[in-house]
Amino acid sequence: MTLTQLEAFVLVARLGSVKAAAAALGVSEPAVSGALAALRQQLGDPLITKTATGMQLSAGGLRFVGIASQIVGLAAEGESVIRQAQGAAARLRVAATSTVAEFVVPPLLAAFATRNANVEPSVGVSESAEMAALLHERLADVCFGPRLSGDTALGLSCEPMMRYGLIVVAAPTHHLADASAISWRALASEKWLVAPAGMDPSSEVGGLMARLHVPADRVQVFPNQTAAWAAAEQGAGVAPAIAHLVSPDIERGVLRRLDVEGTPVQLLWYVSALPPERRPPAVATLLRFLNTPVAVQSMHRSDGAVPASRFRPPVYVTLWS
């Protein structure tokens, strides 16, 4: 029985599919299936089976998942203790939705690292639906994105981090660029240009797309938000945008904010973590830092720029295992 096998089992149980667990671990689906098969053989129990409605734990699996989760958590705590004893910097693993990871997290962590040299932060991109499991299983220390909800979020701390306004932009030559009082329904038939977060149904943009019933063939997904806005500049369609992040492009005249009724939609990004008694010390340090003027200023930078010496590109899968 290995930690890899236990992690695979717990994540399949928490996330409900082998595919989601593989994405969270940054490995292939056959690797997760193989780890589950080895654990089943070792324990002599199916643990978890696939049904018409999803994954279902066996009687043994129901009793074992809590124990497996504790083992994975204790292993993470043990690694942290060893690093501390060796005088190594404390790891701080941040998971964030794609737009937050692209624009907000880099300058924030750069400012944080400047004041906390004994902490080594890293960032990975995750769908919000995976974040609760990543926190519970100690694959991430803190998550930035929408407010986590549902049974999986029970026992987690989830606090407002940053307010932002959601708008819609397009090229100045777009046929709606000069229109007034555009209804959301009128936008449903447009070509939508989105970052990966736009395909996350639990994100604000993903929820918006679902409410508008935008057909899949009217949505084009780009590797990041910058690429989606660049396509909008070329007249490829309309793009949802964070008002303060896209403002330089609007000021330069390469993008136009569409006069959509009810915009900007005022929303919040949240910071989620384990409760105080279970979180690593580096998380408590980061959460205190978020309330400082320096942190607020860095999060509102519109270019996401950081000094070259502090630049660490986000990892676009959560590789922590």
# chains A, B, ... in the order shown; residues from 1 in each chain; ligands from 1
>>> closest_atom_pairs(of="stretch 95-137 of chain A", to="stretch 4-21 of chain A", cutoff="10 Å", atoms="only C-alpha atoms", output="Markdown table")
| residue | atom | partner | partner_atom | distance |
| --- | --- | --- | --- | --- |
| A:Glu127 | CA | A:Ala20 | CA | 9.7 |
| A:Ala129 | CA | A:Leu15 | CA | 8.0 |
| A:Glu130 | CA | A:Leu15 | CA | 6.7 |
| A:Met131 | CA | A:Leu15 | CA | 9.7 |
| A:Ala132 | CA | A:Arg14 | CA | 8.8 |
| A:Ala133 | CA | A:Arg14 | CA | 6.1 |
| A:Leu134 | CA | A:Leu11 | CA | 8.2 |
| A:His136 | CA | A:Arg14 | CA | 9.4 |
| A:Glu137 | CA | A:Glu7 | CA | 7.7 |
>>> select_by_dssp(residues="stretch 103-277 of chain A", states="helix (DSSP H, G or I)", output="count of residues only")
63
>>> atom_distance(atom1="atom CA of A:Pro121", atom2="atom CA of A:Asn224")
21.1 Å
>>> atom_distance(atom1="atom CA of A:Leu108", atom2="atom CA of A:Ser298")
5.3 Å
>>> select_by_dssp(residues="stretch 86-305 of chain A", states="strand (DSSP E or B)", output="PyMOL selection string")
chain A and resi 90-96+119-125+142-145+157-170+182+192-194+219-221+238-242+256-257+260+265-273
>>> residues_around(residues="stretch 251-253 of chain A", least_positions_apart="5", cutoff="12 Å", atoms="only C-alpha atoms", output="PyMOL selection string")
chain A and resi 169-173+177+233+243-246
>>> residues_around(residues="stretch 264-268 of chain A", least_positions_apart="4", cutoff="12 Å", atoms="only C-alpha atoms", output="PDB file with N, CA and C atoms, in the first residue's frame")
ATOM      1  N   VAL A 100      -7.442  34.140 -12.302  1.00  0.00           N
ATOM      2  CA  VAL A 100      -6.791  34.572 -11.065  1.00  0.00           C
ATOM      3  C   VAL A 100      -5.309  34.187 -11.096  1.00  0.00           C
ATOM      4  N   PHE A 144      -7.643  30.152  -4.463  1.00  0.00           N
ATOM      5  CA  PHE A 144      -8.225  31.431  -4.840  1.00  0.00           C
ATOM      6  C   PHE A 144      -9.218  31.213  -5.963  1.00  0.00           C
ATOM      7  N   GLY A 145     -10.413  31.766  -5.827  1.00  0.00           N
ATOM      8  CA  GLY A 145     -11.415  31.630  -6.881  1.00  0.00           C
ATOM      9  C   GLY A 145     -12.807  31.872  -6.333  1.00  0.00           C
ATOM     10  N   PRO A 146     -13.829  31.240  -6.922  1.00  0.00           N
ATOM     11  CA  PRO A 146     -15.196  31.422  -6.431  1.00  0.00           C
ATOM     12  C   PRO A 146     -15.361  30.870  -5.019  1.00  0.00           C
ATOM     13  N   ARG A 147     -16.434  31.256  -4.381  1.00  0.00           N
ATOM     14  CA  ARG A 147     -16.757  30.712  -3.060  1.00  0.00           C
ATOM     15  C   ARG A 147     -17.056  29.229  -3.188  1.00  0.00           C
ATOM     16  N   LEU A 148     -16.409  28.400  -2.388  1.00  0.00           N
ATOM     17  CA  LEU A 148     -16.639  26.966  -2.424  1.00  0.00           C
ATOM     18  C   LEU A 148     -17.914  26.643  -1.656  1.00  0.00           C
ATOM     19  N   CYS A 158     -13.640  29.958   4.128  1.00  0.00           N
ATOM     20  CA  CYS A 158     -13.797  30.596   2.819  1.00  0.00           C
ATOM     21  C   CYS A 158     -14.145  32.067   3.053  1.00  0.00           C
ATOM     22  N   GLU A 159     -13.183  32.965   2.775  1.00  0.00           N
ATOM     23  CA  GLU A 159     -13.351  34.378   3.080  1.00  0.00           C
ATOM     24  C   GLU A 159     -13.191  35.227   1.819  1.00  0.00           C
ATOM     25  N   PRO A 160     -13.936  36.352   1.725  1.00  0.00           N
ATOM     26  CA  PRO A 160     -13.773  37.245   0.559  1.00  0.00           C
ATOM     27  C   PRO A 160     -12.341  37.752   0.457  1.00  0.00           C
ATOM     28  N   MET A 161     -11.824  37.772  -0.771  1.00  0.00           N
ATOM     29  CA  MET A 161     -10.454  38.218  -0.993  1.00  0.00           C
ATOM     30  C   MET A 161     -10.391  39.497  -1.819  1.00  0.00           C
ATOM     31  N   MET A 162     -11.236  39.586  -2.874  1.00  0.00           N
ATOM     32  CA  MET A 162     -11.123  40.714  -3.786  1.00  0.00           C
ATOM     33  C   MET A 162     -12.424  40.893  -4.548  1.00  0.00           C
ATOM     34  N   ARG A 163     -12.895  42.121  -4.621  1.00  0.00           N
ATOM     35  CA  ARG A 163     -14.098  42.442  -5.386  1.00  0.00           C
ATOM     36  C   ARG A 163     -13.701  42.832  -6.812  1.00  0.00           C
ATOM     37  N   TYR A 164     -14.502  42.416  -7.781  1.00  0.00           N
ATOM     38  CA  TYR A 164     -14.217  42.775  -9.169  1.00  0.00           C
ATOM     39  C   TYR A 164     -15.514  42.921  -9.950  1.00  0.00           C
ATOM     40  N   GLY A 165     -15.418  43.566 -11.103  1.00  0.00           N
ATOM     41  CA  GLY A 165     -16.582  43.760 -11.957  1.00  0.00           C
ATOM     42  C   GLY A 165     -16.437  42.980 -13.254  1.00  0.00           C
ATOM     43  N   LEU A 166     -17.463  42.223 -13.611  1.00  0.00           N
ATOM     44  CA  LEU A 166     -17.457  41.434 -14.842  1.00  0.00           C
ATOM     45  C   LEU A 166     -18.159  42.213 -15.948  1.00  0.00           C
ATOM     46  N   ILE A 167     -17.460  42.418 -17.076  1.00  0.00           N
ATOM     47  CA  ILE A 167     -18.022  43.111 -18.226  1.00  0.00           C
ATOM     48  C   ILE A 167     -17.837  42.244 -19.463  1.00  0.00           C
ATOM     49  N   VAL A 168     -18.304  42.734 -20.601  1.00  0.00           N
ATOM     50  CA  VAL A 168     -18.128  42.043 -21.877  1.00  0.00           C
ATOM     51  C   VAL A 168     -17.458  43.013 -22.848  1.00  0.00           C
ATOM     52  N   VAL A 169     -16.433  42.528 -23.553  1.00  0.00           N
ATOM     53  CA  VAL A 169     -15.696  43.380 -24.487  1.00  0.00           C
ATOM     54  C   VAL A 169     -15.694  42.770 -25.882  1.00  0.00           C
ATOM     55  N   TRP A 184     -28.620  40.491 -22.206  1.00  0.00           N
ATOM     56  CA  TRP A 184     -27.828  39.268 -22.171  1.00  0.00           C
ATOM     57  C   TRP A 184     -28.347  38.261 -23.197  1.00  0.00           C
ATOM     58  N   SER A 203     -17.681  28.299 -12.012  1.00  0.00           N
ATOM     59  CA  SER A 203     -17.114  29.638 -12.010  1.00  0.00           C
ATOM     60  C   SER A 203     -18.168  30.647 -12.450  1.00  0.00           C
ATOM     61  N   GLU A 204     -17.896  31.934 -12.227  1.00  0.00           N
ATOM     62  CA  GLU A 204     -18.862  32.965 -12.584  1.00  0.00           C
ATOM     63  C   GLU A 204     -19.118  32.999 -14.092  1.00  0.00           C
ATOM     64  N   VAL A 205     -18.036  32.944 -14.874  1.00  0.00           N
ATOM     65  CA  VAL A 205     -18.198  32.983 -16.326  1.00  0.00           C
ATOM     66  C   VAL A 205     -18.862  31.704 -16.824  1.00  0.00           C
ATOM     67  N   LEU A 208     -22.449  31.901 -16.102  1.00  0.00           N
ATOM     68  CA  LEU A 208     -23.097  32.838 -17.024  1.00  0.00           C
ATOM     69  C   LEU A 208     -23.383  32.173 -18.366  1.00  0.00           C
ATOM     70  N   PRO A 240     -15.932  37.766 -22.140  1.00  0.00           N
ATOM     71  CA  PRO A 240     -16.126  38.265 -20.779  1.00  0.00           C
ATOM     72  C   PRO A 240     -14.792  38.755 -20.249  1.00  0.00           C
ATOM     73  N   ALA A 241     -14.814  39.763 -19.399  1.00  0.00           N
ATOM     74  CA  ALA A 241     -13.563  40.356 -18.932  1.00  0.00           C
ATOM     75  C   ALA A 241     -13.728  40.940 -17.546  1.00  0.00           C
ATOM     76  N   ILE A 242     -12.631  40.942 -16.788  1.00  0.00           N
ATOM     77  CA  ILE A 242     -12.584  41.602 -15.496  1.00  0.00           C
ATOM     78  C   ILE A 242     -12.270  43.070 -15.754  1.00  0.00           C
ATOM     79  N   ALA A 243     -13.128  43.963 -15.297  1.00  0.00           N
ATOM     80  CA  ALA A 243     -13.062  45.370 -15.696  1.00  0.00           C
ATOM     81  C   ALA A 243     -11.694  45.987 -15.461  1.00  0.00           C
ATOM     82  N   HIS A 244     -11.131  45.844 -14.265  1.00  0.00           N
ATOM     83  CA  HIS A 244      -9.870  46.530 -13.982  1.00  0.00           C
ATOM     84  C   HIS A 244      -8.684  45.876 -14.682  1.00  0.00           C
ATOM     85  N   ARG A 257     -15.753  48.228 -24.442  1.00  0.00           N
ATOM     86  CA  ARG A 257     -16.698  47.639 -23.480  1.00  0.00           C
ATOM     87  C   ARG A 257     -18.096  47.732 -24.050  1.00  0.00           C
ATOM     88  N   LEU A 258     -18.789  46.602 -24.138  1.00  0.00           N
ATOM     89  CA  LEU A 258     -20.154  46.582 -24.646  1.00  0.00           C
ATOM     90  C   LEU A 258     -21.111  47.072 -23.570  1.00  0.00           C
ATOM     91  N   ASP A 259     -22.114  47.807 -23.995  1.00  0.00           N
ATOM     92  CA  ASP A 259     -23.100  48.379 -23.075  1.00  0.00           C
ATOM     93  C   ASP A 259     -24.169  47.330 -22.768  1.00  0.00           C
ATOM     94  N   VAL A 260     -23.775  46.344 -21.992  1.00  0.00           N
ATOM     95  CA  VAL A 260     -24.676  45.247 -21.630  1.00  0.00           C
ATOM     96  C   VAL A 260     -25.417  45.620 -20.356  1.00  0.00           C
TER      97      VAL A 260
END
>>> atom_distance(atom1="atom CA of A:Leu39", atom2="atom CA of A:Leu3")
10.3 Å
>>> closest_residue(among="A:Trp229, A:Leu139, A:Leu255, A:Ala96", to="A:Ser69", atoms="only C-alpha atoms")
A:Leu139
>>> closest_residue(among="A:Ala113, A:Ala188, A:Leu135, A:Ala230", to="A:Ala216", atoms="only C-alpha atoms")
A:Ala188
>>> closest_residue(among="A:Asn291, A:Thr263, A:Gln41, A:Gln297", to="A:Ile182", atoms="only C-alpha atoms")
A:Thr263
>>> residues_around(residues="A:His174", least_positions_apart="4", cutoff="9 Å", atoms="only C-alpha atoms", output="MDAnalysis selection string")
chainID A and resid 170 178 235:238 256
>>> write_last_selection(atoms="all heavy atoms", output="compact mmCIF listing (two decimals), in the first residue's frame")
# COMPACT_ATOMS: atom_id res chain seq x y z
N ALA A 170 -15.43 43.62 -26.87
CA ALA A 170 -15.32 43.19 -28.26
C ALA A 170 -14.47 44.22 -29.00
O ALA A 170 -14.11 45.27 -28.45
CB ALA A 170 -16.70 43.06 -28.90
N ASP A 178 -21.25 49.81 -30.80
CA ASP A 178 -21.89 51.10 -30.57
C ASP A 178 -23.35 50.97 -30.13
O ASP A 178 -24.05 51.97 -30.02
CB ASP A 178 -21.81 51.96 -31.84
CG ASP A 178 -20.38 52.30 -32.22
OD1 ASP A 178 -19.60 52.61 -31.29
OD2 ASP A 178 -20.03 52.21 -33.41
N GLY A 235 -11.65 40.78 -33.80
CA GLY A 235 -13.03 40.70 -34.26
C GLY A 235 -13.61 39.31 -34.30
O GLY A 235 -14.61 39.07 -34.98
N ALA A 236 -13.00 38.38 -33.53
CA ALA A 236 -13.46 36.99 -33.57
C ALA A 236 -14.73 36.75 -32.77
O ALA A 236 -15.37 35.70 -32.92
CB ALA A 236 -12.36 36.06 -33.07
N GLY A 237 -15.11 37.68 -31.90
CA GLY A 237 -16.30 37.50 -31.09
C GLY A 237 -16.28 38.40 -29.87
O GLY A 237 -15.55 39.40 -29.83
N VAL A 238 -17.10 38.04 -28.88
CA VAL A 238 -17.16 38.81 -27.63
C VAL A 238 -16.48 38.01 -26.54
O VAL A 238 -16.42 36.77 -26.59
CB VAL A 238 -18.62 39.13 -27.24
CG1 VAL A 238 -19.32 39.91 -28.34
CG2 VAL A 238 -19.40 37.85 -26.92
N ARG A 256 -13.47 47.41 -26.93
CA ARG A 256 -14.58 48.28 -26.54
C ARG A 256 -15.45 47.55 -25.52
O ARG A 256 -15.81 46.38 -25.74
CB ARG A 256 -15.41 48.64 -27.78
CG ARG A 256 -16.58 49.59 -27.53
CD ARG A 256 -16.14 51.02 -27.40
NE ARG A 256 -15.46 51.49 -28.62
CZ ARG A 256 -16.08 51.93 -29.72
NH1 ARG A 256 -17.41 51.99 -29.76
NH2 ARG A 256 -15.40 52.35 -30.75
>>> residues_around(residues="A:Arg40", least_positions_apart="4", cutoff="12 Å", atoms="only C-alpha atoms", output="list in words")
Met1, Gln5, Leu6, Ala8, Phe9, Ser33, Gly34, Ala35, Leu36, Gly44, Asp45, Pro46, Leu47, Ile48, Thr49, Ser58, Gly60, Gly61 and Phe64 of chain A
>>> closest_residue(among="A:Leu212, A:Ser202, A:Asp217, A:Cys143", to="A:Ala186", atoms="only C-alpha atoms")
A:Leu212
